$ cat query29.tsv   # TSV, N, CA and C atoms
chain	number	residue	atom	x	y	z
A	1	MET	N	-61.50	80.76	111.27
A	1	MET	CA	-61.54	81.62	112.43
A	1	MET	C	-60.12	82.03	112.80
A	2	LYS	N	-59.99	83.22	113.32
A	2	LYS	CA	-58.69	83.75	113.71
A	2	LYS	C	-58.58	83.72	115.23
A	3	TYR	N	-57.36	83.40	115.71
A	3	TYR	CA	-57.11	83.31	117.15
A	3	TYR	C	-55.88	84.10	117.52
A	4	GLU	N	-55.94	84.72	118.69
A	4	GLU	CA	-54.77	85.37	119.27
A	4	GLU	C	-54.13	84.38	120.23
A	5	ILE	N	-52.82	84.31	120.20
A	5	ILE	CA	-52.07	83.38	121.04
A	5	ILE	C	-51.49	84.15	122.21
A	6	LEU	N	-51.61	83.60	123.41
A	6	LEU	CA	-51.01	84.22	124.59
A	6	LEU	C	-49.53	84.42	124.34
A	7	GLY	N	-49.05	85.59	124.60
A	7	GLY	CA	-47.64	85.90	124.37
A	7	GLY	C	-47.42	86.57	123.03
A	8	GLY	N	-48.47	86.68	122.22
A	8	GLY	CA	-48.36	87.39	120.95
A	8	GLY	C	-48.53	86.50	119.75
A	9	GLY	N	-49.05	87.07	118.73
A	9	GLY	CA	-49.24	86.37	117.47
A	9	GLY	C	-50.67	85.96	117.23
A	10	HIS	N	-50.95	85.68	115.97
A	10	HIS	CA	-52.28	85.25	115.55
A	10	HIS	C	-52.14	84.05	114.61
A	11	ILE	N	-53.14	83.20	114.63
A	11	ILE	CA	-53.21	82.11	113.67
A	11	ILE	C	-54.64	81.98	113.19
A	12	GLU	N	-54.79	81.42	112.01
A	12	GLU	CA	-56.12	81.18	111.45
A	12	GLU	C	-56.29	79.69	111.22
A	13	ALA	N	-57.52	79.22	111.44
A	13	ALA	CA	-57.81	77.81	111.23
A	13	ALA	C	-59.29	77.65	110.88
A	14	ALA	N	-59.56	76.69	110.01
A	14	ALA	CA	-60.93	76.45	109.58
A	14	ALA	C	-61.61	75.35	110.40
A	15	SER	N	-60.82	74.58	111.15
A	15	SER	CA	-61.39	73.48	111.94
A	15	SER	C	-60.58	73.33	113.23
A	16	PRO	N	-61.13	72.62	114.22
A	16	PRO	CA	-60.36	72.39	115.45
A	16	PRO	C	-59.03	71.67	115.21
A	17	LEU	N	-59.03	70.65	114.37
A	17	LEU	CA	-57.79	69.93	114.10
A	17	LEU	C	-56.78	70.83	113.40
A	18	GLU	N	-57.24	71.67	112.48
A	18	GLU	CA	-56.35	72.61	111.80
A	18	GLU	C	-55.73	73.59	112.79
A	19	LEU	N	-56.51	74.00	113.79
A	19	LEU	CA	-55.99	74.91	114.81
A	19	LEU	C	-54.91	74.23	115.64
A	20	VAL	N	-55.15	72.98	116.04
A	20	VAL	CA	-54.13	72.25	116.81
A	20	VAL	C	-52.87	72.06	115.97
A	21	GLU	N	-53.04	71.74	114.71
A	21	GLU	CA	-51.88	71.58	113.83
A	21	GLU	C	-51.10	72.89	113.69
A	22	ALA	N	-51.82	74.01	113.59
A	22	ALA	CA	-51.15	75.31	113.49
A	22	ALA	C	-50.38	75.62	114.77
A	23	LEU	N	-50.98	75.34	115.92
A	23	LEU	CA	-50.28	75.53	117.20
A	23	LEU	C	-49.06	74.63	117.27
A	24	ARG	N	-49.21	73.41	116.81
A	24	ARG	CA	-48.10	72.45	116.82
A	24	ARG	C	-46.94	72.94	115.98
A	25	GLN	N	-47.24	73.50	114.82
A	25	GLN	CA	-46.18	74.01	113.94
A	25	GLN	C	-45.43	75.17	114.59
A	26	ILE	N	-46.14	76.03	115.29
A	26	ILE	CA	-45.50	77.15	115.96
A	26	ILE	C	-44.56	76.65	117.06
A	27	ASP	N	-45.00	75.63	117.79
A	27	ASP	CA	-44.28	75.19	118.97
A	27	ASP	C	-43.31	74.04	118.73
A	28	LEU	N	-43.12	73.62	117.49
A	28	LEU	CA	-42.22	72.50	117.21
A	28	LEU	C	-40.80	72.76	117.71
A	29	GLN	N	-40.41	74.03	117.75
A	29	GLN	CA	-39.04	74.37	118.14
A	29	GLN	C	-38.73	74.00	119.58
A	30	TRP	N	-39.72	74.09	120.49
A	30	TRP	CA	-39.40	73.83	121.89
A	30	TRP	C	-40.15	72.66	122.50
A	31	ILE	N	-41.20	72.17	121.84
A	31	ILE	CA	-41.95	71.04	122.41
A	31	ILE	C	-41.45	69.71	121.86
A	32	HIS	N	-40.96	69.69	120.64
A	32	HIS	CA	-40.41	68.48	120.03
A	32	HIS	C	-41.41	67.31	120.01
A	33	SER	N	-42.61	67.58	119.57
A	33	SER	CA	-43.61	66.51	119.50
A	33	SER	C	-43.65	65.91	118.11
A	34	VAL	N	-44.05	64.67	118.07
A	34	VAL	CA	-44.11	63.95	116.82
A	34	VAL	C	-45.48	64.12	116.16
A	35	GLY	N	-46.54	63.84	116.88
A	35	GLY	CA	-47.88	63.91	116.32
A	35	GLY	C	-48.78	64.81	117.15
A	36	VAL	N	-50.03	64.90	116.73
A	36	VAL	CA	-50.99	65.77	117.39
A	36	VAL	C	-51.21	65.35	118.84
A	37	GLU	N	-51.40	64.06	119.09
A	37	GLU	CA	-51.64	63.60	120.45
A	37	GLU	C	-50.44	63.89	121.36
A	38	ASP	N	-49.26	63.64	120.86
A	38	ASP	CA	-48.03	63.91	121.60
A	38	ASP	C	-47.92	65.41	121.90
A	39	PHE	N	-48.21	66.23	120.92
A	39	PHE	CA	-48.17	67.68	121.10
A	39	PHE	C	-49.15	68.11	122.19
A	40	MET	N	-50.39	67.62	122.11
A	40	MET	CA	-51.39	68.01	123.10
A	40	MET	C	-50.96	67.62	124.51
A	41	GLU	N	-50.44	66.43	124.67
A	41	GLU	CA	-49.98	65.98	125.99
A	41	GLU	C	-48.83	66.84	126.50
A	42	ASN	N	-47.87	67.13	125.64
A	42	ASN	CA	-46.73	67.96	126.03
A	42	ASN	C	-47.16	69.38	126.36
A	43	MET	N	-48.05	69.94	125.57
A	43	MET	CA	-48.50	71.30	125.83
A	43	MET	C	-49.33	71.35	127.11
A	44	ALA	N	-50.17	70.36	127.32
A	44	ALA	CA	-50.97	70.31	128.55
A	44	ALA	C	-50.07	70.24	129.78
A	45	GLU	N	-49.03	69.45	129.70
A	45	GLU	CA	-48.07	69.35	130.80
A	45	GLU	C	-47.39	70.70	131.04
A	46	GLY	N	-47.01	71.38	129.96
A	46	GLY	CA	-46.39	72.70	130.09
A	46	GLY	C	-47.33	73.71	130.72
A	47	CYS	N	-48.60	73.68	130.32
A	47	CYS	CA	-49.59	74.59	130.90
A	47	CYS	C	-49.75	74.34	132.39
A	48	LYS	N	-49.77	73.07	132.77
A	48	LYS	CA	-49.92	72.70	134.18
A	48	LYS	C	-48.72	73.18	134.99
A	49	ILE	N	-47.53	72.96	134.46
A	49	ILE	CA	-46.31	73.36	135.16
A	49	ILE	C	-46.23	74.88	135.30
A	50	GLN	N	-46.53	75.60	134.21
A	50	GLN	CA	-46.34	77.06	134.21
A	50	GLN	C	-47.43	77.82	134.94
A	51	THR	N	-48.69	77.35	134.84
A	51	THR	CA	-49.79	78.13	135.41
A	51	THR	C	-50.71	77.34	136.31
A	52	GLY	N	-50.55	76.03	136.34
A	52	GLY	CA	-51.45	75.19	137.12
A	52	GLY	C	-52.73	74.84	136.37
A	53	ALA	N	-52.86	75.31	135.13
A	53	ALA	CA	-54.06	75.04	134.34
A	53	ALA	C	-54.14	73.57	133.95
A	54	LEU	N	-55.33	73.01	134.07
A	54	LEU	CA	-55.55	71.63	133.64
A	54	LEU	C	-56.15	71.65	132.24
A	55	VAL	N	-55.46	71.03	131.31
A	55	VAL	CA	-55.89	70.98	129.92
A	55	VAL	C	-56.11	69.53	129.54
A	56	ARG	N	-57.34	69.21	129.17
A	56	ARG	CA	-57.67	67.84	128.78
A	56	ARG	C	-57.08	67.52	127.41
A	57	THR	N	-56.70	66.26	127.23
A	57	THR	CA	-56.12	65.82	125.96
A	57	THR	C	-56.87	64.66	125.36
A	58	ASP	N	-58.08	64.38	125.85
A	58	ASP	CA	-58.85	63.25	125.35
A	58	ASP	C	-59.50	63.51	124.00
A	59	SER	N	-59.59	64.79	123.61
A	59	SER	CA	-60.09	65.14	122.28
A	59	SER	C	-59.56	66.52	121.90
A	60	VAL	N	-59.51	66.76	120.61
A	60	VAL	CA	-59.06	68.07	120.10
A	60	VAL	C	-59.99	69.16	120.63
A	61	GLU	N	-61.28	68.89	120.65
A	61	GLU	CA	-62.25	69.89	121.08
A	61	GLU	C	-62.07	70.24	122.56
A	62	HIS	N	-61.89	69.24	123.42
A	62	HIS	CA	-61.66	69.50	124.84
A	62	HIS	C	-60.35	70.27	125.05
A	63	PHE	N	-59.32	69.86	124.33
A	63	PHE	CA	-58.02	70.51	124.41
A	63	PHE	C	-58.15	72.00	124.09
A	64	LEU	N	-58.79	72.33	122.98
A	64	LEU	CA	-58.94	73.72	122.57
A	64	LEU	C	-59.84	74.50	123.53
A	65	HIS	N	-60.89	73.87	124.00
A	65	HIS	CA	-61.77	74.50	124.98
A	65	HIS	C	-60.99	74.90	126.22
A	66	ASP	N	-60.18	73.99	126.73
A	66	ASP	CA	-59.40	74.26	127.94
A	66	ASP	C	-58.33	75.32	127.69
A	67	LEU	N	-57.74	75.33	126.50
A	67	LEU	CA	-56.77	76.38	126.17
A	67	LEU	C	-57.45	77.75	126.16
A	68	GLN	N	-58.68	77.80	125.64
A	68	GLN	CA	-59.43	79.06	125.63
A	68	GLN	C	-59.80	79.46	127.05
A	69	GLN	N	-60.27	78.52	127.85
A	69	GLN	CA	-60.65	78.82	129.23
A	69	GLN	C	-59.45	79.33	130.03
A	70	GLY	N	-58.27	78.81	129.73
A	70	GLY	CA	-57.06	79.22	130.43
A	70	GLY	C	-56.44	80.50	129.88
A	71	GLY	N	-57.00	81.04	128.79
A	71	GLY	CA	-56.49	82.26	128.22
A	71	GLY	C	-55.26	82.07	127.32
A	72	PHE	N	-54.97	80.82	126.96
A	72	PHE	CA	-53.81	80.55	126.11
A	72	PHE	C	-54.09	80.90	124.65
A	73	ILE	N	-55.34	80.75	124.24
A	73	ILE	CA	-55.77	81.18	122.89
A	73	ILE	C	-57.10	81.90	123.05
A	74	THR	N	-57.34	82.90	122.20
A	74	THR	CA	-58.57	83.68	122.25
A	74	THR	C	-59.09	83.89	120.84
A	75	PRO	N	-60.32	83.47	120.58
A	75	PRO	CA	-60.90	83.75	119.26
A	75	PRO	C	-61.06	85.25	119.07
A	76	VAL	N	-60.69	85.73	117.88
A	76	VAL	CA	-60.82	87.17	117.62
A	76	VAL	C	-61.74	87.46	116.44
A	77	SER	N	-62.18	86.46	115.72
A	77	SER	CA	-63.16	86.70	114.66
A	77	SER	C	-63.84	85.42	114.28

$ encode --input "query29.tsv" --output "structure tokens"
Amino acid sequence: MKYEILGGGHIEAASPLELVEALRQIDLQWIHSVGVEDFMENMAEGCKIQTGALVRTDSVEHFLHDLQQGGFITPVS
């Protein structure tokens, strides 16, 4: 599936974990996370600070759902 990222750009992923990994690779420059869980927690904190959006980090599926609900990622196909 292909996704549009808020602020520009597109990524493709075949699974939820692959999508999180792709987002992590894009954001490694400014988030400095070690693993997937660390990345999700750091990104959720950033979303809360910047927009007030609450992003759950208890599962990859919840994390991605909340990112979509907040408009941070949008499925395009």

$ residues_near_point --input "query29.tsv" --point "(-62.7, 85.5, 117.4)" --cutoff "7 Å" --atoms "all atoms listed in the file" --output "list in words"
Met1, Lys2, Tyr3, Glu4, Thr74, Pro75, Val76 and Ser77 of chain A

$ atom_distance --input "query29.tsv" --atom1 "atom CA of Gly9 of chain A" --atom2 "atom CA of Gln25 of chain A"
13.2 Å

$ select_by_dssp --input "query29.tsv" --residues "chain A" --states "helix (DSSP H, G or I)" --output "ChimeraX atom specification"
/A:16-31,36-51,60-69

$ closest_residue --input "query29.tsv" --among "A:Ile73, A:His10, A:Pro16, A:Gly35" --to "Val60 of chain A" --atoms "only N, CA and C atoms"
A:Pro16

$ atom_distance --input "query29.tsv" --atom1 "atom N of Phe72 of chain A" --atom2 "atom N of Leu6 of chain A"
5.6 Å

$ atom_distance --input "query29.tsv" --atom1 "atom C of Met40 of chain A" --atom2 "atom N of Gln68 of chain A"
12.8 Å

$ residues_around --input "query29.tsv" --residues "Glu45 of chain A" --least-positions-apart "6" --cutoff "8 Å" --atoms "only N, CA and C atoms" --output "list in words"
Phe39, Thr51, Ala53, Leu54 and Val55 of chain A

$ closest_residue --input "query29.tsv" --among "A:Phe63, A:Ile11, A:Gln50, A:Gln69" --to "Val36 of chain A" --atoms "only C-alpha atoms"
A:Phe63

$ closest_residue --input "query29.tsv" --among "A:Cys47, A:Gly52, A:Ile5, A:Leu64" --to "Leu17 of chain A" --atoms "only C-alpha atoms"
A:Leu64

$ closest_residue --input "query29.tsv" --among "A:Gly7, A:Ile26, A:Ala44, A:Asp38" --to "His62 of chain A" --atoms "only C-alpha atoms"
A:Ala44

$ decode --input "query29.tsv" --residues "segment 7-54 of chain A" --atoms "C-alpha atoms" --output "PDB file, in the first residue's frame"
ATOM      1  CA  GLY A   7       4.591  17.621   4.730  1.00  0.00           C
ATOM      2  CA  GLY A   8       5.232  15.821   1.456  1.00  0.00           C
ATOM      3  CA  GLY A   9       6.472  12.551   0.134  1.00  0.00           C
ATOM      4  CA  HIS A  10       5.182   9.046  -0.343  1.00  0.00           C
ATOM      5  CA  ILE A  11       6.189   5.656   0.991  1.00  0.00           C
ATOM      6  CA  GLU A  12       5.102   2.132   0.196  1.00  0.00           C
ATOM      7  CA  ALA A  13       4.732  -0.735   2.631  1.00  0.00           C
ATOM      8  CA  ALA A  14       3.320  -4.238   2.501  1.00  0.00           C
ATOM      9  CA  SER A  15       2.616  -4.541   6.239  1.00  0.00           C
ATOM     10  CA  PRO A  16       2.083  -2.299   9.279  1.00  0.00           C
ATOM     11  CA  LEU A  17       5.549  -3.056  10.643  1.00  0.00           C
ATOM     12  CA  GLU A  18       7.118  -2.319   7.241  1.00  0.00           C
ATOM     13  CA  LEU A  19       5.321   1.038   7.217  1.00  0.00           C
ATOM     14  CA  VAL A  20       6.635   1.942  10.678  1.00  0.00           C
ATOM     15  CA  GLU A  21      10.138   0.905   9.622  1.00  0.00           C
ATOM     16  CA  ALA A  22       9.870   3.068   6.486  1.00  0.00           C
ATOM     17  CA  LEU A  23       8.740   6.052   8.580  1.00  0.00           C
ATOM     18  CA  ARG A  24      11.588   5.381  10.997  1.00  0.00           C
ATOM     19  CA  GLN A  25      14.139   5.409   8.186  1.00  0.00           C
ATOM     20  CA  ILE A  26      12.853   8.755   6.917  1.00  0.00           C
ATOM     21  CA  ASP A  27      12.965  10.324  10.371  1.00  0.00           C
ATOM     22  CA  LEU A  28      16.269   8.902  11.641  1.00  0.00           C
ATOM     23  CA  GLN A  29      17.939  12.242  10.940  1.00  0.00           C
ATOM     24  CA  TRP A  30      15.980  14.174  13.565  1.00  0.00           C
ATOM     25  CA  ILE A  31      14.388  11.627  15.918  1.00  0.00           C
ATOM     26  CA  HIS A  32      17.525   9.576  16.675  1.00  0.00           C
ATOM     27  CA  SER A  33      15.668   6.434  17.690  1.00  0.00           C
ATOM     28  CA  VAL A  34      17.261   3.070  18.110  1.00  0.00           C
ATOM     29  CA  GLY A  35      14.377   0.651  17.559  1.00  0.00           C
ATOM     30  CA  VAL A  36      10.762   0.605  16.458  1.00  0.00           C
ATOM     31  CA  GLU A  37       9.346   1.071  19.965  1.00  0.00           C
ATOM     32  CA  ASP A  38      11.701   3.968  20.676  1.00  0.00           C
ATOM     33  CA  PHE A  39      10.781   5.563  17.349  1.00  0.00           C
ATOM     34  CA  MET A  40       7.049   5.251  18.015  1.00  0.00           C
ATOM     35  CA  GLU A  41       7.388   6.812  21.470  1.00  0.00           C
ATOM     36  CA  ASN A  42       9.523   9.685  20.166  1.00  0.00           C
ATOM     37  CA  MET A  43       7.221  10.347  17.226  1.00  0.00           C
ATOM     38  CA  ALA A  44       4.129  10.216  19.449  1.00  0.00           C
ATOM     39  CA  GLU A  45       5.719  12.756  21.772  1.00  0.00           C
ATOM     40  CA  GLY A  46       6.526  14.995  18.800  1.00  0.00           C
ATOM     41  CA  CYS A  47       2.954  14.761  17.514  1.00  0.00           C
ATOM     42  CA  LYS A  48       1.618  15.692  20.951  1.00  0.00           C
ATOM     43  CA  ILE A  49       3.965  18.662  21.284  1.00  0.00           C
ATOM     44  CA  GLN A  50       3.371  19.986  17.754  1.00  0.00           C
ATOM     45  CA  THR A  51      -0.368  19.430  17.339  1.00  0.00           C
ATOM     46  CA  GLY A  52      -1.762  18.050  20.581  1.00  0.00           C
ATOM     47  CA  ALA A  53      -2.549  14.746  18.847  1.00  0.00           C
ATOM     48  CA  LEU A  54      -2.501  11.666  21.052  1.00  0.00           C
TER      49      LEU A  54
END
